[in-house]
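Raw structure.txt, compact mmCIF, C-alpha atoms:
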```txt
# COMPACT_ATOMS: atom_id res chain seq x y z
CA MET H 1 34.53 -19.33 -14.98
CA ALA H 2 35.61 -22.45 -13.11
CA MET H 3 33.45 -23.84 -10.35
CA ASN H 4 36.36 -23.53 -7.92
CA ASP H 5 36.51 -19.78 -8.48
CA PRO H 6 35.43 -18.09 -5.23
CA LEU H 7 33.55 -15.40 -7.19
CA ILE H 8 30.90 -17.85 -8.37
CA TRP H 9 30.25 -19.08 -4.84
CA ALA H 10 30.00 -15.50 -3.63
CA LEU H 11 27.46 -14.87 -6.41
CA VAL H 12 25.39 -17.92 -5.42
CA GLY H 13 25.48 -16.79 -1.79
CA PHE H 14 24.32 -13.30 -2.78
CA ALA H 15 21.54 -14.73 -4.97
CA LEU H 16 20.28 -17.05 -2.23
CA THR H 17 20.43 -14.41 0.49
CA THR H 18 18.65 -11.71 -1.49
CA SER H 19 16.09 -14.13 -2.96
CA CYS H 20 15.18 -15.74 0.36
CA THR H 21 14.85 -12.58 2.44
CA PRO H 22 11.41 -10.93 2.74
CA GLY H 23 10.26 -8.83 -0.20
CA PRO H 24 7.27 -8.34 -2.50
CA ASN H 25 7.69 -11.68 -4.33
CA ASN H 26 7.96 -13.66 -1.12
CA ALA H 27 5.02 -11.89 0.53
CA MET H 28 2.84 -12.68 -2.49
CA LEU H 29 4.02 -16.30 -2.65
CA THR H 30 3.25 -16.78 1.03
CA ALA H 31 -0.24 -15.40 0.48
CA SER H 32 -0.73 -17.58 -2.62
CA GLY H 33 0.37 -20.71 -0.80
CA ALA H 34 -1.92 -19.98 2.14
CA ASN H 35 -4.96 -19.12 0.04
CA PHE H 36 -4.70 -21.48 -2.92
CA GLY H 37 -2.33 -24.31 -1.94
CA PHE H 38 1.00 -25.30 -3.45
CA ARG H 39 -0.25 -26.78 -6.73
CA ARG H 40 -2.38 -23.78 -7.72
CA ALA H 41 0.51 -21.43 -6.86
CA VAL H 42 2.95 -23.19 -9.23
CA PRO H 43 2.34 -20.80 -12.17
CA HIS H 44 3.04 -17.88 -9.82
CA MET H 45 6.25 -19.57 -8.68
CA LEU H 46 7.38 -20.29 -12.25
CA GLY H 47 6.74 -16.68 -13.24
CA ILE H 48 9.21 -15.56 -10.58
CA ILE H 49 11.70 -18.41 -11.11
CA LEU H 50 11.95 -17.77 -14.87
CA GLY H 51 10.94 -14.11 -15.07
CA PHE H 52 13.64 -12.70 -12.83
CA PRO H 53 16.59 -14.42 -14.57
CA ALA H 54 15.17 -13.24 -17.91
CA MET H 55 15.19 -9.69 -16.54
CA VAL H 56 18.77 -10.14 -15.33
CA LEU H 57 19.81 -11.27 -18.81
CA ALA H 58 18.12 -8.29 -20.45
CA ILE H 59 19.76 -5.81 -18.08
CA GLY H 60 23.13 -7.53 -18.40
CA LEU H 61 22.96 -7.38 -22.19
CA GLY H 62 22.46 -3.64 -22.21
CA LEU H 63 18.87 -2.72 -21.34
CA GLY H 64 20.09 -1.08 -18.15
CA THR H 65 21.89 1.57 -20.22
CA VAL H 66 18.54 2.60 -21.70
CA PHE H 67 17.32 3.63 -18.26
CA THR H 68 20.57 5.49 -17.62
CA ALA H 69 20.14 7.41 -20.88
CA LEU H 70 16.42 8.01 -20.31
CA PRO H 71 15.91 8.73 -16.60
CA TRP H 72 12.26 9.74 -17.21
CA LEU H 73 11.58 6.17 -18.33
CA HIS H 74 12.96 4.84 -15.06
CA LEU H 75 10.79 7.29 -13.11
CA ALA H 76 7.72 6.28 -15.10
CA LEU H 77 8.47 2.62 -14.39
CA LYS H 78 8.71 3.43 -10.69
CA TYR H 79 5.19 4.91 -10.61
CA VAL H 80 3.71 2.20 -12.80
CA GLY H 81 5.33 -0.36 -10.49
CA ALA H 82 3.92 1.34 -7.40
CA ALA H 83 0.42 1.36 -8.88
CA TYR H 84 0.70 -2.29 -9.87
CA MET H 85 1.93 -3.28 -6.41
CA LEU H 86 -1.06 -1.51 -4.85
CA TYR H 87 -3.33 -3.48 -7.19
CA LEU H 88 -1.64 -6.73 -6.17
CA ALA H 89 -1.98 -5.76 -2.50
CA TRP H 90 -5.72 -5.30 -3.09
CA ARG H 91 -5.89 -8.74 -4.74
CA ILE H 92 -4.17 -10.30 -1.73
CA ALA H 93 -6.44 -8.48 0.73
CA THR H 94 -9.56 -9.70 -1.07
CA ALA H 95 -8.35 -13.26 -1.78
CA GLY H 96 -10.18 -16.17 -0.25
CA ARG H 97 -10.31 -19.92 -0.02
CA GLY H 98 -13.55 -20.24 -1.99
CA LYS H 99 -13.47 -22.22 -5.20
CA GLY H 100 -16.76 -21.01 -6.65
CA ALA H 101 -17.17 -19.09 -9.89
CA GLY H 102 -16.61 -15.76 -8.18
CA ALA H 103 -13.64 -16.90 -6.15
CA ALA H 104 -10.34 -15.06 -6.28
CA LYS H 105 -7.68 -16.53 -8.55
CA PRO H 106 -3.96 -16.94 -7.83
CA ILE H 107 -1.47 -14.75 -9.65
CA GLY H 108 -0.56 -16.35 -12.97
CA PHE H 109 2.71 -17.00 -14.77
CA PHE H 110 2.76 -13.89 -16.99
CA GLU H 111 1.60 -11.59 -14.19
CA ALA H 112 4.39 -12.84 -11.92
CA ALA H 113 7.02 -12.67 -14.69
CA GLY H 114 5.94 -9.16 -15.66
CA PHE H 115 5.92 -8.05 -12.04
CA GLN H 116 9.70 -8.51 -11.87
CA TRP H 117 10.10 -5.44 -14.08
CA VAL H 118 8.28 -3.21 -11.61
CA ASN H 119 9.55 -4.84 -8.42
CA PRO H 120 12.03 -2.46 -6.73
CA LYS H 121 13.77 -5.25 -4.83
CA ALA H 122 14.29 -7.15 -8.09
CA TRP H 123 16.01 -4.15 -9.68
CA ILE H 124 18.31 -3.71 -6.69
CA MET H 125 19.21 -7.41 -6.76
CA ALA H 126 19.79 -7.52 -10.53
CA VAL H 127 21.87 -4.35 -10.79
CA GLY H 128 23.80 -5.20 -7.62
CA ALA H 129 24.71 -8.69 -8.83
CA LEU H 130 25.63 -7.55 -12.34
CA SER H 131 27.81 -4.78 -10.92
CA ALA H 132 29.57 -6.83 -8.27
CA TYR H 133 29.88 -10.31 -9.74
CA THR H 134 30.79 -9.77 -13.38
CA LEU H 135 34.18 -9.11 -14.92
CA PRO H 136 34.42 -6.18 -17.37
CA GLU H 137 36.98 -7.95 -19.55
CA ALA H 138 34.88 -11.12 -19.90
CA ASN H 139 32.22 -11.94 -22.49
CA VAL H 140 29.08 -9.93 -21.73
CA TRP H 141 26.71 -12.79 -22.66
CA SER H 142 28.47 -15.41 -20.55
CA GLU H 143 28.70 -13.07 -17.55
CA ALA H 144 25.01 -12.14 -17.71
CA ALA H 145 24.05 -15.80 -18.23
CA ARG H 146 26.08 -16.84 -15.18
CA VAL H 147 24.34 -14.29 -12.96
CA ALA H 148 20.94 -15.31 -14.38
CA ALA H 149 21.72 -18.99 -13.72
CA ALA H 150 22.58 -18.22 -10.08
CA PHE H 151 19.24 -16.47 -9.64
CA LEU H 152 17.41 -19.30 -11.40
CA PHE H 153 18.75 -21.70 -8.77
CA ALA H 154 18.05 -19.24 -5.93
CA GLY H 155 14.54 -18.62 -7.26
CA ILE H 156 13.70 -22.33 -7.16
CA VAL H 157 14.88 -22.57 -3.54
CA SER H 158 13.25 -19.34 -2.38
CA SER H 159 9.92 -19.79 -4.16
CA THR H 160 9.53 -23.34 -2.89
CA LEU H 161 10.32 -22.32 0.69
CA TRP H 162 8.04 -19.27 0.82
CA CYS H 163 5.13 -20.94 -0.92
CA GLY H 164 5.52 -23.97 1.35
CA PHE H 165 5.59 -21.63 4.33
CA GLY H 166 2.33 -20.11 3.11
CA VAL H 167 0.74 -23.56 2.74
CA ALA H 168 1.74 -24.39 6.34
CA ILE H 169 0.25 -21.11 7.58
CA GLY H 170 -2.93 -21.78 5.62
CA ARG H 171 -3.41 -25.04 7.49
CA LEU H 172 -3.22 -23.19 10.79
CA LEU H 173 -5.82 -20.60 9.80
CA THR H 174 -9.04 -22.40 10.60
CA SER H 175 -11.53 -19.53 10.40
CA ASP H 176 -12.52 -17.03 7.73
CA ARG H 177 -11.68 -14.20 10.11
CA ALA H 178 -8.15 -15.54 10.63
CA PHE H 179 -7.72 -15.79 6.85
CA ARG H 180 -8.92 -12.23 6.34
CA LEU H 181 -6.51 -10.92 8.97
CA PHE H 182 -3.64 -12.88 7.41
CA ASN H 183 -4.46 -11.52 3.94
CA TYR H 184 -4.70 -7.98 5.27
CA GLY H 185 -1.30 -8.43 6.91
CA MET H 186 0.29 -9.71 3.68
CA ALA H 187 -1.28 -6.87 1.70
CA LEU H 188 0.05 -4.36 4.22
CA ALA H 189 3.53 -5.90 3.98
CA LEU H 190 3.42 -5.43 0.21
CA VAL H 191 2.36 -1.79 0.57
CA VAL H 192 5.08 -1.13 3.17
CA SER H 193 7.67 -2.54 0.76
CA LEU H 194 6.90 0.47 -1.48
CA ILE H 195 8.35 2.93 1.03
CA PRO H 196 12.02 2.46 0.01
CA VAL H 197 11.06 3.06 -3.63
CA PHE H 198 10.21 6.67 -2.89
CA ILE H 199 12.94 7.26 -0.30
CA LEU H 200 15.88 6.07 -2.42
```
Turn this file's structure into structure tokens for me.
Amino acid sequence: MAMNDPLIWALVGFALTTSCTPGPNNAMLTASGANFGFRRAVPHMLGIILGFPAMVLAIGLGLGTVFTALPWLHLALKYVGAAYMLYLAWRIATAGRGKGAGAAKPIGFFEAAGFQWVNPKAWIMAVGALSAYTLPEANVWSEAARVAAAFLFAGIVSSTLWCGFGVAIGRLLTSDRAFRLFNYGMALALVVSLIPVFIL
């Protein structure tokens, strides 16, 4: 598809808008940036930046039909995802600035990449983009790759912004109590993001 095709710019706009708006990934990145700094949060960022486009490719190349054929698998994924998000919320709530042996650790690359598969917002974004911004008569691989590339770009922008925002917040939190309240707030935001999963 040519770069002057309006569909590709609409896709990039969709990817940027959905990636940059609040959601589980961005709440966790903000908390990581505040608690651990930008450099230590890079593996977390890369897990999102690369993990979500990989998921988009997999769904675009036919994995989504598996969940259509096996609805119980989709339901199981929903509950596994909810449990995992609660675990991550607990990790955020108990995170701290300390760098000692018992200090909390930032979310790693594989954790962040794997989280995309149980992130309800990620599924909505992926299925929505693949449904709206691909052409049925075009090559399946090239269409899925184009959508994945748009989200790769959007992921770089969004992850950098939200993690940077977290770093800036971290500099303003000068007491342990303020940090605890911030972490509790981020953990609560992650838990609240589960509500649509069980309403939809």
For Pro53 in chain H, the closest of H:Lys105, H:Lys121, H:Arg177, H:Arg146 counting all atoms listed in the file is H:Arg146
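One finds CA of Lys78 in chain H at 20.2 Å from CA of Ala129 in chain H.
Of the listed residues H:Leu61, H:Val56, H:Cys20, H:Val191, the one whose atoms come nearest to Asn139 in chain H is H:Leu61, with distances taken using only C-alpha atoms.
The interatomic distance for the pair CA of Ala89 in chain H and CA of Met28 in chain H works out to 8.4 Å.
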Leaving out Ala145 in chain H and any residue of its chain fewer than 4 positions from it, which residues lie within 12 Å of it when counting all atoms listed in the file, given as a VMD selection string?
chain H and resid 1 53 to 61 129 to 130 133 to 134 138 to 141 149 to 152
Kindly export the residues of the current selection with C-alpha atoms, as a PDB file, in the coordinates of the input.
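Contents of the output file out-v2.pdb:
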```pdb
ATOM      1  CA  MET H   1      34.530 -19.330 -14.980  1.00  0.00           C
ATOM      2  CA  PRO H  53      16.590 -14.420 -14.570  1.00  0.00           C
ATOM      3  CA  ALA H  54      15.170 -13.240 -17.910  1.00  0.00           C
ATOM      4  CA  MET H  55      15.190  -9.690 -16.540  1.00  0.00           C
ATOM      5  CA  VAL H  56      18.770 -10.140 -15.330  1.00  0.00           C
ATOM      6  CA  LEU H  57      19.810 -11.270 -18.810  1.00  0.00           C
ATOM      7  CA  ALA H  58      18.120  -8.290 -20.450  1.00  0.00           C
ATOM      8  CA  ILE H  59      19.760  -5.810 -18.080  1.00  0.00           C
ATOM      9  CA  GLY H  60      23.130  -7.530 -18.400  1.00  0.00           C
ATOM     10  CA  LEU H  61      22.960  -7.380 -22.190  1.00  0.00           C
ATOM     11  CA  ALA H 129      24.710  -8.690  -8.830  1.00  0.00           C
ATOM     12  CA  LEU H 130      25.630  -7.550 -12.340  1.00  0.00           C
ATOM     13  CA  TYR H 133      29.880 -10.310  -9.740  1.00  0.00           C
ATOM     14  CA  THR H 134      30.790  -9.770 -13.380  1.00  0.00           C
ATOM     15  CA  ALA H 138      34.880 -11.120 -19.900  1.00  0.00           C
ATOM     16  CA  ASN H 139      32.220 -11.940 -22.490  1.00  0.00           C
ATOM     17  CA  VAL H 140      29.080  -9.930 -21.730  1.00  0.00           C
ATOM     18  CA  TRP H 141      26.710 -12.790 -22.660  1.00  0.00           C
ATOM     19  CA  ALA H 149      21.720 -18.990 -13.720  1.00  0.00           C
ATOM     20  CA  ALA H 150      22.580 -18.220 -10.080  1.00  0.00           C
ATOM     21  CA  PHE H 151      19.240 -16.470  -9.640  1.00  0.00           C
ATOM     22  CA  LEU H 152      17.410 -19.300 -11.400  1.00  0.00           C
TER      23      LEU H 152
END
```
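CA of Leu16 in chain H lies 15.7 Å from CA of Cys163 in chain H.
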Would you mind telling me which residue in H:Gly185, H:Leu29, H:Val157, H:Phe36 lies nearest to Ala104 in chain H when using all atoms listed in the file?
H:Phe36
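Minimum distance to Asn26 in chain H across H:Leu161, H:Leu46, H:Ile195, H:Ile107 (counting all atoms listed in the file) occurs at H:Leu161.
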Residues at most 12 Å from Leu50 in chain H, counting only C-alpha atoms, excluding those fewer than 6 positions away in the same chain, as a count of residues only?
22
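Considering the residues H:Ala69, H:Met45, H:Met125, H:Ala82 and counting all atoms listed in the file, Ser193 in chain H has its shortest atom-to-atom contact with H:Ala82.
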Excluding Phe182 in chain H and any residue of its chain fewer than 3 positions from it, enumerate the residues within 12 Å of it, using only C-alpha atoms, and give them as a PyMOL selection string.
chain H and resi 27-28+30-32+34-35+92-96+166+169-170+172-179+185-189
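Proximity ranking of H:Val118, H:Tyr184, H:Phe14, H:Ile124 relative to Ala76 in chain H places H:Val118 first, based on only C-alpha atoms.
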